[in-house]
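Take a look at the structure below.
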Amino acid sequence: MRLLIVIIFILNGFYSYSQNQKIASIKRGQLLYEDLCLRCHMPNGKGVQGVFPPLANSDYLNDITATIRIIKYGGIKEDLVVNGVTYNGYMESQGLSDDEIADVANYVLNSWGNSSKLVMDEKEVSKIKSND
């Protein structure tokens, strides 16, 4: 019985640590979003229809690899369809490090009606390579 209590206590500690890490990442991501992304994607994440795609309730975020690739490398070279609307603009690379990209992704994945259990980190972002 004691062993079970110890195991539960340890697992609870790992979960709390993970949740605290996620919350800290989201807060850092919000600051980066407000500094670099807000001018196109807007404070509410809704973008500008036909010009800048929405991040709020965006079906495109379901493909996290493609999402990270765009943030990491910029330069969308083909039409992008988000929530049934086609966008053919160009997004510059913001020059973010992998840990900053993870923070922005965690913020976007958990804002404006988006909710994700996924927690991106520097290691996961570093695995995602350009399509070129």
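Please note that chains go A, B, ... in the order of the structure tokens, that every chain numbers its residues from 1, and that ligands are numbered from 1 in the order shown.
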
**Item:** Shell of 8 Å around range 38-43 of chain A, only C-alpha atoms, local chain residues under 5 positions omitted, as a list in words
**Value:** Tyr33, Val48, Phe52, Pro53, Pro54 and Leu55 of chain A

Write the residues of the selection above to a file with C-alpha atoms, as a PDB file, in the first residue's frame.
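Wrote it out as part.pdb, contents follow:
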```pdb
ATOM      1  CA  TYR A  33       3.219  36.403 -30.316  1.00  0.00           C
ATOM      2  CA  VAL A  48      -7.641  38.891 -41.941  1.00  0.00           C
ATOM      3  CA  PHE A  52      -3.618  36.491 -43.161  1.00  0.00           C
ATOM      4  CA  PRO A  53      -4.946  33.106 -42.019  1.00  0.00           C
ATOM      5  CA  PRO A  54      -6.634  32.705 -38.655  1.00  0.00           C
ATOM      6  CA  LEU A  55      -4.975  30.873 -35.798  1.00  0.00           C
TER       7      LEU A  55
END
```

**Message:** For Asp121 in chain A, find every residue with an atom within 10 Å (counting only C-alpha atoms), except residues of its own chain fewer than 5 positions away, and show them as a list of chain:residue names.
**Reply:**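 With the cut-off at 10 Å, the set is A:Gln21, A:Lys22, A:Ser25, A:Asp98, A:Asp99, A:Glu100, A:Ile101, A:Ala102, A:Asp103, A:Ala105, A:Asn106, A:Ser126.
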
**Prompt:** range 3-120 of chain A: which residues are helix (DSSP H, G or I) by DSSP, as a PyMOL selection string?
**Reply:** chain A and resi 3-41+59-62+64-73+98-108

**Message:** Need the shell around Asp59 in chain A: protein/DNA/RNA residues with any atom at most 10 Å away, counting only C-alpha atoms. Skip same-chain ones fewer than 6 positions apart. Format as number ranges by chain?
**Reply:** A: 81-84, 114

With N, CA and C atoms retained, export the selected residues as a PDB file, in the first residue's frame.
```
ATOM      1  N   VAL A  81      -4.745  26.372 -47.334  1.00  0.00           N
ATOM      2  CA  VAL A  81      -6.181  26.389 -47.079  1.00  0.00           C
ATOM      3  C   VAL A  81      -6.403  26.236 -45.577  1.00  0.00           C
ATOM      4  N   VAL A  82      -7.054  27.241 -44.990  1.00  0.00           N
ATOM      5  CA  VAL A  82      -7.353  27.232 -43.563  1.00  0.00           C
ATOM      6  C   VAL A  82      -8.844  27.467 -43.395  1.00  0.00           C
ATOM      7  N   ASN A  83      -9.497  26.526 -42.751  1.00  0.00           N
ATOM      8  CA  ASN A  83     -10.947  26.608 -42.520  1.00  0.00           C
ATOM      9  C   ASN A  83     -11.706  26.876 -43.817  1.00  0.00           C
ATOM     10  N   GLY A  84     -11.249  26.255 -44.904  1.00  0.00           N
ATOM     11  CA  GLY A  84     -11.930  26.365 -46.194  1.00  0.00           C
ATOM     12  C   GLY A  84     -11.609  27.603 -47.003  1.00  0.00           C
ATOM     13  N   ASN A 114      -8.630  27.334 -29.132  1.00  0.00           N
ATOM     14  CA  ASN A 114      -7.797  26.163 -29.407  1.00  0.00           C
ATOM     15  C   ASN A 114      -7.459  25.513 -28.070  1.00  0.00           C
TER      16      ASN A 114
END
```

**Request:** Could you tell me which of A:Glu34, A:Asn44, A:Gln49, A:Val125 comes closest to Tyr87 in chain A if we count only C-alpha atoms?
**Result:** A:Gln49

**Prompt:** Any idea what the distance is between CA of Ser93 in chain A and CA of Tyr73 in chain A?
**Reply:**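 Separation between CA of Ser93 in chain A and CA of Tyr73 in chain A: 5.3 Å.
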
**CA of Met91 in chain A to CA of Gly74 in chain A, distance in Å rounded to a single decimal** =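 Computed distance, CA of Met91 in chain A to CA of Gly74 in chain A, equals 5.3 Å.
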
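As for CA of Ser58 in chain A and CA of Tyr90 in chain A, they are spaced 17.9 Å apart.
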
**Asked** Taking into account only C-alpha atoms, which residue in the set A:Glu78, A:Glu124, A:Glu92, A:Asp35 is nearest to Thr65 in chain A?
**Response**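 That would be A:Glu124, the residue with the smallest distance to Thr65 in chain A.
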